[in-house]
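Visitor: mmCIF, C-alpha atoms, file entry_18.cif:
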data_input
loop_
_atom_site.label_atom_id
_atom_site.label_comp_id
_atom_site.auth_asym_id
_atom_site.auth_seq_id
_atom_site.Cartn_x
_atom_site.Cartn_y
_atom_site.Cartn_z
CA MET A 1 33.72 -25.37 21.07
CA THR A 2 33.66 -22.07 19.19
CA ARG A 3 32.00 -23.76 16.27
CA THR A 4 29.17 -25.05 18.45
CA THR A 5 28.63 -21.66 20.08
CA ILE A 6 28.56 -19.96 16.70
CA GLY A 7 26.19 -22.63 15.43
CA GLY A 8 23.94 -22.25 18.45
CA LEU A 9 23.94 -18.47 18.17
CA SER A 10 23.10 -18.53 14.48
CA LEU A 11 20.33 -21.05 15.15
CA ALA A 12 18.86 -18.85 17.86
CA LEU A 13 19.11 -15.85 15.55
CA ALA A 14 17.44 -17.76 12.73
CA ALA A 15 14.66 -18.90 15.06
CA ALA A 16 14.12 -15.36 16.30
CA VAL A 17 14.04 -14.04 12.74
CA ALA A 18 11.58 -16.75 11.71
CA LEU A 19 9.33 -16.03 14.69
CA PHE A 20 9.47 -12.35 13.98
CA ALA A 21 8.69 -12.85 10.32
CA CYS A 22 5.65 -14.92 11.27
CA THR A 23 4.21 -12.39 13.66
CA LYS A 24 4.85 -8.93 12.33
CA PRO A 25 2.80 -7.17 9.67
CA PHE A 26 4.24 -6.98 6.25
CA THR A 27 5.35 -3.36 6.50
CA LYS A 28 8.37 -3.73 8.68
CA THR A 29 11.70 -2.06 8.34
CA ALA A 30 15.11 -3.64 8.58
CA ALA A 31 15.90 -1.47 11.61
CA SER A 32 12.91 -2.72 13.58
CA ALA A 33 13.76 -6.28 12.58
CA ASP A 34 17.28 -5.90 14.01
CA GLN A 35 15.90 -4.39 17.17
CA SER A 36 13.46 -7.20 17.75
CA VAL A 37 16.07 -9.86 17.04
CA GLY A 38 18.16 -8.36 19.80
CA ALA A 39 15.17 -8.12 22.09
CA ALA A 40 14.02 -11.66 21.40
CA ALA A 41 17.46 -13.21 21.73
CA ALA A 42 18.62 -11.29 24.79
CA PRO A 43 16.03 -12.28 27.45
CA THR A 44 16.33 -16.02 26.78
CA PRO A 45 18.57 -16.71 29.81
CA ALA A 46 16.42 -14.48 32.02
CA SER A 47 13.27 -16.42 31.18
CA ALA A 48 14.68 -19.64 32.65
CA PRO A 49 13.11 -19.40 36.15
CA VAL A 50 9.55 -19.51 34.74
CA VAL A 51 7.64 -22.09 36.77
CA ALA A 52 5.74 -24.56 34.61
CA SER A 53 2.07 -24.64 35.58
CA PRO A 54 0.41 -28.06 35.88
CA PRO A 55 -1.15 -29.19 32.60
CA LEU A 56 -4.85 -28.61 32.06
CA PRO A 57 -7.05 -31.71 31.69
CA THR A 58 -7.44 -30.98 27.99
CA GLN A 59 -3.69 -30.91 27.54
CA LEU A 60 -3.50 -34.53 28.63
CA SER A 61 -5.77 -35.58 25.78
CA GLU A 62 -3.96 -37.55 23.14
CA ASP A 63 -4.92 -35.23 20.29
CA PHE A 64 -4.05 -32.06 22.13
CA GLU A 65 -2.35 -29.53 19.88
CA ASP A 66 -0.39 -26.82 21.60
CA PRO A 67 -1.84 -23.52 20.37
CA THR A 68 1.50 -21.85 20.94
CA GLN A 69 3.05 -24.11 18.34
CA ILE A 70 2.32 -24.07 14.66
CA PRO A 71 0.50 -27.34 13.86
CA THR A 72 2.37 -30.01 11.97
CA PRO A 73 1.27 -31.07 8.50
CA GLY A 74 -1.03 -34.04 8.28
CA PHE A 75 -3.61 -35.81 6.19
CA PRO A 76 -5.58 -34.43 4.49
CA PHE A 77 -6.54 -30.83 5.18
CA ALA A 78 -3.66 -29.44 7.18
CA ARG A 79 -1.02 -27.27 5.65
CA GLU A 80 2.52 -26.81 6.76
CA ASN A 81 1.95 -23.42 8.29
CA ARG A 82 -1.42 -22.27 9.57
CA ASN A 83 -0.31 -18.81 10.55
CA PRO A 84 -2.64 -16.53 8.54
CA GLU A 85 -0.12 -13.78 8.13
CA ALA A 86 2.36 -16.23 6.69
CA ILE A 87 -0.25 -17.68 4.32
CA TYR A 88 -1.68 -14.39 3.10
CA LYS A 89 1.71 -12.74 2.70
CA ASP A 90 2.24 -13.64 -0.95
CA PHE A 91 -1.38 -13.44 -2.06
CA PRO A 92 -2.19 -10.89 -4.77
CA ARG A 93 -3.96 -7.75 -3.60
CA ASP A 94 -6.46 -5.49 -5.34
CA GLN A 95 -6.30 -1.69 -5.37
CA GLY A 96 -8.03 -1.58 -1.99
CA GLY A 97 -5.33 -3.69 -0.37
CA ASN A 98 -7.63 -6.68 0.06
CA ILE A 99 -6.64 -10.12 -1.10
CA ASP A 100 -7.70 -10.79 -4.67
CA TRP A 101 -8.96 -14.34 -4.27
CA VAL A 102 -9.84 -14.70 -7.93
CA LYS A 103 -6.28 -13.93 -8.91
CA ALA A 104 -5.10 -16.26 -6.15
CA PHE A 105 -6.87 -19.28 -7.63
CA LYS A 106 -6.12 -18.28 -11.21
CA GLU A 107 -2.43 -18.18 -10.29
CA ASN A 108 -2.76 -21.57 -8.57
CA LEU A 109 -1.72 -20.15 -5.21
CA ILE A 110 -4.69 -21.91 -3.66
CA LYS A 111 -6.47 -25.08 -4.67
CA PRO A 112 -9.62 -25.05 -2.57
CA ARG A 113 -11.60 -28.26 -2.40
CA GLU A 114 -14.96 -28.61 -4.03
CA SER A 115 -16.58 -30.87 -1.49
CA LEU A 116 -15.91 -32.79 1.69
CA ASP A 117 -16.44 -35.93 -0.36
CA PRO A 118 -13.29 -36.43 -2.49
CA ALA A 119 -15.20 -38.71 -4.88
CA LYS A 120 -17.64 -35.98 -5.89
CA PRO A 121 -16.94 -34.86 -9.46
CA LEU A 122 -15.81 -31.30 -10.14
CA VAL A 123 -18.42 -28.90 -11.42
CA PRO A 124 -16.70 -26.63 -13.95
CA PRO A 125 -17.30 -22.89 -13.46
CA PHE A 126 -19.90 -21.32 -15.68
CA ASP A 127 -18.53 -18.57 -17.91
CA PHE A 128 -21.32 -16.09 -18.54
CA ASN A 129 -21.14 -12.32 -18.09
CA ILE A 130 -24.18 -10.18 -17.43
CA ASP A 131 -24.26 -6.43 -18.04
CA ILE A 132 -26.12 -4.53 -15.36
CA PRO A 133 -26.93 -0.89 -16.20
CA ALA A 134 -25.74 1.61 -13.62
CA VAL A 135 -27.40 4.84 -12.51
CA GLY A 136 -26.09 8.18 -13.76
CA ALA A 137 -22.57 8.54 -15.00
CA MET A 138 -21.23 5.42 -13.31
CA PRO A 139 -19.84 2.84 -15.72
CA ASN A 140 -22.07 -0.20 -16.10
CA VAL A 141 -21.50 -3.29 -14.04
CA VAL A 142 -20.37 -6.50 -15.65
CA PHE A 143 -21.27 -9.41 -13.44
CA PRO A 144 -18.96 -12.35 -14.13
CA HIS A 145 -20.49 -15.73 -13.38
CA PHE A 146 -17.11 -17.43 -13.69
CA PRO A 147 -15.49 -16.52 -10.34
CA HIS A 148 -18.83 -16.76 -8.58
CA THR A 149 -19.57 -20.26 -9.81
CA TYR A 150 -16.01 -21.24 -8.98
CA TRP A 151 -16.69 -20.54 -5.32
CA LEU A 152 -20.43 -21.14 -5.14
CA ASP A 153 -23.24 -23.32 -6.39
CA CYS A 154 -26.11 -21.83 -8.37
CA GLY A 155 -28.33 -22.56 -5.37
CA ASN A 156 -26.43 -20.17 -3.14
CA CYS A 157 -27.79 -17.14 -5.00
CA HIS A 158 -30.68 -18.38 -7.15
CA PRO A 159 -33.52 -17.89 -6.60
CA ASN A 160 -33.36 -16.57 -3.02
CA ILE A 161 -30.99 -13.63 -3.50
CA PHE A 162 -31.31 -13.04 -7.25
CA VAL A 163 -34.29 -14.02 -9.37
CA MET A 164 -33.07 -15.70 -12.57
CA LYS A 165 -34.62 -13.18 -14.92
CA LYS A 166 -32.96 -10.21 -16.53
CA GLY A 167 -34.23 -6.95 -15.03
CA ALA A 168 -36.23 -8.69 -12.32
CA ASN A 169 -33.82 -7.71 -9.53
CA PRO A 170 -34.14 -4.09 -8.36
CA ILE A 171 -30.51 -3.79 -7.34
CA SER A 172 -29.27 -0.51 -5.92
CA MET A 173 -26.18 0.50 -3.99
CA VAL A 174 -28.30 1.40 -0.95
CA LYS A 175 -29.72 -2.11 -0.87
CA ILE A 176 -26.25 -3.57 -1.32
CA VAL A 177 -24.92 -1.59 1.64
CA ASN A 178 -27.89 -2.82 3.67
CA GLY A 179 -26.98 -6.40 2.90
CA GLU A 180 -29.29 -7.30 0.06
CA PHE A 181 -28.31 -8.67 -3.36
CA CYS A 182 -24.51 -8.41 -3.83
CA GLY A 183 -24.27 -7.10 -0.28
CA ARG A 184 -25.12 -10.50 1.14
CA CYS A 185 -21.45 -11.34 0.65
CA HIS A 186 -19.67 -8.23 -0.66
CA GLY A 187 -18.81 -5.85 2.13
CA ARG A 188 -18.97 -8.62 4.69
CA VAL A 189 -16.86 -11.55 3.54
CA ALA A 190 -16.22 -11.13 -0.17
CA PHE A 191 -14.29 -8.06 -1.30
CA PRO A 192 -15.70 -4.77 0.05
CA ILE A 193 -17.82 -2.36 -1.94
CA SER A 194 -15.45 0.55 -1.34
CA ASN A 195 -13.63 -0.35 -4.53
CA CYS A 196 -16.12 0.94 -7.15
CA ALA A 197 -13.99 0.13 -10.17
CA ARG A 198 -13.91 -3.56 -9.49
CA CYS A 199 -17.58 -3.97 -10.50
CA HIS A 200 -18.32 -0.81 -12.49
CA VAL A 201 -16.05 -1.70 -15.36
CA LYS A 202 -17.93 -1.03 -18.60
CA PRO A 203 -18.00 2.67 -19.58
CA LYS A 204 -21.24 3.89 -21.12
CA SER A 205 -20.86 4.56 -24.82
CA MET B 206 9.24 -20.90 24.30
CA SER B 207 8.72 -17.52 25.91
CA ALA B 208 8.96 -15.97 22.48
CA ALA B 209 6.29 -18.36 21.24
CA ILE B 210 3.97 -17.44 24.11
CA TRP B 211 4.55 -13.74 23.48
CA MET B 212 3.87 -14.26 19.82
CA PHE B 213 0.38 -15.70 20.33
CA ALA B 214 -0.81 -14.57 23.73
CA GLY B 215 0.61 -11.07 23.90
CA LYS B 216 -0.43 -10.00 20.46
CA PRO B 217 -3.49 -7.77 20.21
CA VAL B 218 -6.36 -9.37 18.33
CA GLU B 219 -6.99 -7.55 15.10
CA GLY B 220 -8.14 -10.26 12.78
CA PHE B 221 -8.62 -10.05 9.07
CA TYR B 222 -11.35 -8.75 6.83
CA GLY B 223 -13.83 -11.60 6.49
CA ASP B 224 -13.50 -12.88 10.04
CA MET B 225 -16.84 -13.51 11.71
CA VAL B 226 -17.72 -13.04 15.36
CA LEU B 227 -20.05 -15.68 16.80
CA ASN B 228 -21.50 -14.38 20.02
CA ASN B 229 -25.13 -15.45 20.15
CA LYS B 230 -24.54 -17.70 23.12
CA ALA B 231 -20.86 -17.66 24.00
CA GLU B 232 -20.88 -14.77 26.40
CA GLN B 233 -24.22 -15.73 27.96
CA ARG B 234 -22.61 -19.02 28.82
CA GLY B 235 -19.45 -17.52 30.21
CA MET B 236 -17.09 -18.02 27.28
CA PRO B 237 -15.34 -15.40 25.15
CA PRO B 238 -16.93 -14.92 21.70
CA VAL B 239 -15.78 -17.12 18.83
CA ILE B 240 -13.79 -15.59 15.99
CA PHE B 241 -14.30 -17.62 12.84
CA PRO B 242 -11.40 -17.06 10.42
CA HIS B 243 -13.17 -17.16 7.09
CA TRP B 244 -10.12 -16.84 4.93
CA ILE B 245 -7.98 -19.54 6.38
CA HIS B 246 -10.88 -21.84 5.47
CA ARG B 247 -11.10 -20.23 2.05
CA THR B 248 -7.57 -21.29 1.16
CA GLU B 249 -8.66 -24.92 1.50
CA PHE B 250 -12.35 -24.99 0.63
CA LYS B 251 -14.70 -23.29 -1.75
CA CYS B 252 -17.67 -21.46 -0.25
CA LYS B 253 -20.05 -24.11 -1.55
CA VAL B 254 -18.54 -26.76 0.72
CA CYS B 255 -20.13 -25.17 3.78
CA HIS B 256 -22.76 -22.84 2.36
CA PRO B 257 -25.64 -23.30 2.55
CA ALA B 258 -25.67 -26.98 3.50
CA ILE B 259 -23.73 -26.73 6.77
CA PHE B 260 -24.01 -23.03 7.59
CA GLU B 261 -26.67 -20.67 6.39
CA MET B 262 -25.14 -17.56 4.85
CA LYS B 263 -26.48 -15.12 7.42
CA SER B 264 -24.71 -14.15 10.61
CA GLY B 265 -26.66 -15.21 13.65
CA ALA B 266 -28.94 -17.53 11.68
CA ASN B 267 -27.12 -20.71 12.67
CA ASP B 268 -28.03 -22.21 16.01
CA ILE B 269 -24.54 -23.44 16.87
CA ASP B 270 -23.60 -24.84 20.24
CA MET B 271 -20.83 -27.05 21.53
CA GLU B 272 -23.10 -30.01 22.12
CA LYS B 273 -24.02 -30.10 18.44
CA ILE B 274 -20.40 -29.66 17.40
CA VAL B 275 -18.86 -32.26 19.68
CA PHE B 276 -21.54 -34.92 20.11
CA LYS B 277 -23.69 -34.61 17.00
CA GLY B 278 -20.98 -33.68 14.50
CA ALA B 279 -22.98 -30.77 13.17
CA PHE B 280 -21.72 -27.34 12.08
CA CYS B 281 -17.99 -27.02 12.83
CA GLY B 282 -18.00 -30.61 14.04
CA LYS B 283 -18.54 -31.80 10.50
CA CYS B 284 -14.79 -31.34 9.96
CA HIS B 285 -13.42 -30.53 13.39
CA ASN B 286 -13.82 -34.08 14.61
CA GLY B 287 -10.23 -35.28 14.78
CA GLU B 288 -10.41 -36.94 11.36
CA THR B 289 -10.65 -34.15 8.82
CA ALA B 290 -9.45 -31.32 11.03
CA TRP B 291 -8.39 -30.94 14.63
CA ARG B 292 -10.85 -31.83 17.36
CA PRO B 293 -12.19 -28.93 19.46
CA VAL B 294 -10.04 -29.63 22.49
CA VAL B 295 -8.43 -26.26 23.17
CA CYS B 296 -11.25 -23.80 23.90
CA GLY B 297 -9.16 -20.71 23.29
CA ARG B 298 -8.39 -21.68 19.76
CA CYS B 299 -11.87 -20.57 18.65
CA HIS B 300 -13.15 -18.71 21.70
CA SER B 301 -10.61 -16.00 21.15
CA GLY B 302 -12.72 -12.84 20.92
CA LYS B 303 -12.96 -9.92 23.28
CA PRO B 304 -16.01 -9.55 25.53
CA GLY B 305 -18.73 -7.41 24.03
CA MET B 306 -18.08 -8.28 20.41
CA VAL B 307 -21.27 -8.38 18.35
CA THR B 308 -22.26 -11.32 16.16
CA GLY B 309 -21.42 -10.54 12.54
CA PRO B 310 -18.43 -9.58 10.46
CA LEU B 311 -15.47 -8.38 12.50
CA HIS B 312 -14.49 -5.90 9.80
CA GLY B 313 -16.81 -4.50 7.22
CA VAL B 314 -20.47 -3.61 7.37
CA ASN B 315 -22.67 -5.39 9.85
#
Starting from the file, give its structure as structure tokens.
Guide:
Amino acid sequence: MTRTTIGGLSLALAAAVALFACTKPFTKTAASADQSVGAAAAPTPASAPVVASPPLPTQLSEDFEDPTQIPTPGFPFARENRNPEAIYKDFPRDQGGNIDWVKAFKENLIKPRESLDPAKPLVPPFDFNIDIPAVGAMPNVVFPHFPHTYWLDCGNCHPNIFVMKKGANPISMVKIVNGEFCGRCHGRVAFPISNCARCHVKPKS
Amino acid sequence: MSAAIWMFAGKPVEGFYGDMVLNNKAEQRGMPPVIFPHWIHRTEFKCKVCHPAIFEMKSGANDIDMEKIVFKGAFCGKCHNGETAWRPVVCGRCHSGKPGMVTGPLHGVN
């Protein structure tokens, strides 16, 4: 009897801790964790008289997935846990606090697929750095093709965003902020331009 | 169960850097805007899988609607068809934005 109660209690505690760990931001303190465990565990008996509403038509569909539950793993593109905060938790961060996706794939934390067609052969990334002179005292930019060609095809950028000719692209930070050149992705989806030192890496001699 | 509902429904929507708001038509047609989580897709697929063949890389440039997704298998429906990824059955799973959100990146420069 006592063993089962203890077991049940510890299970409930574990579940509450797991739920809490999934939901809260990464900067939580032990004190707040304890508090929320108490809060989450305590109202469980009080929440019993909740009246179940009739299921929606979509919920009767055979492939309905309850959005309040974390989806189960399955073939081929589902992962065990789709909660973004749980996935991103261990990803490396850059100085700006944003996820460093290049480090993430170099450390094999992610293995993103190349194509929807599994038979399509892998295109190896293209390792070629380009020096882009910067204005004034800013260190020059070194553009690495490697991480870009890991994520993208040549056709994503050439020739619509960047002409394939050295010096033919009048890049400036103003244009980047306005969404041209690098700014087509950086500042919107790829890492933001607030972190100067990530691109301006080569000091002028 | 109540904890699970609190965890998803009661939480304020903040999103992540890289999330896109799709609101060209959603609100005109009486649905909340769509929040596209870019990064959860990025853990599984490289950019080149979707860009530019399925989605043009410009917010608002893709003429997406549910008919194309569900019946023609275009755009999101290329994967979200019940075979590769879950079928679009629960509206709120994508239509999760707040009213008045503008098409474009949720965080970052628009």
Visitor: Which residues are near B:Val239? Cut-off 9 Å, only C-alpha atoms, ignore same chain within fewer than 4 positions. Put them as a list in words.
Guide: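 Those residues are Met225, Val226, Leu227, Asn228, Ala231, Gly297, Arg298, Cys299, His300, Ser301, Gly302 and Lys303 of chain B.
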Visitor: Taking the file as I've supplied it (selection: the PyMOL selection byres ((chain A and resi 201) around 6)), which residues are included? Please answer as a PyMOL selection string.
Guide: chain A and resi 139+141+197+199-200+202
Visitor: Enumerate, as a count of residues only, the residues matched when the PyMOL selection byres ((chain A and resi 168-184) around 12) is run on the file above.
Guide: 42
Visitor: Residues of chain A within 6 Å of chain B, using all atoms listed in the file, as a VMD selection string?
Guide: chain A and resid 68 110 112 to 115 151 to 153 187 to 189
Visitor: For atom CA of A:Val102 and atom CA of A:Phe146, determine how far apart the two atoms are, in Å to one decimal place.
Guide: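 Separation of atom CA of A:Val102 and atom CA of A:Phe146: 9.7 Å.
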Visitor: Please compute the atom CA of A:Ala137-atom CA of A:Ser205 distance, one decimal, in Å.
Guide: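 That distance, rounded to one decimal, is 10.7 Å.
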Visitor: Do you have the atom CA of A:Phe105-atom CA of B:Phe260 distance handy?
Guide: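 Rounded to one decimal, the two atoms are 23.2 Å apart.
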Visitor: If you count all atoms listed in the file, which residues fall within 10 Å of B:Met271, apart from same-chain ones fewer than 4 positions away, as a list in words?
Guide: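 Near neighbours after the sequence-gap exclusion: Ala231, Val275, Phe276, Lys277, Gly278, Ala279, Phe280, Cys281, Gly282 and Pro293 of chain B.
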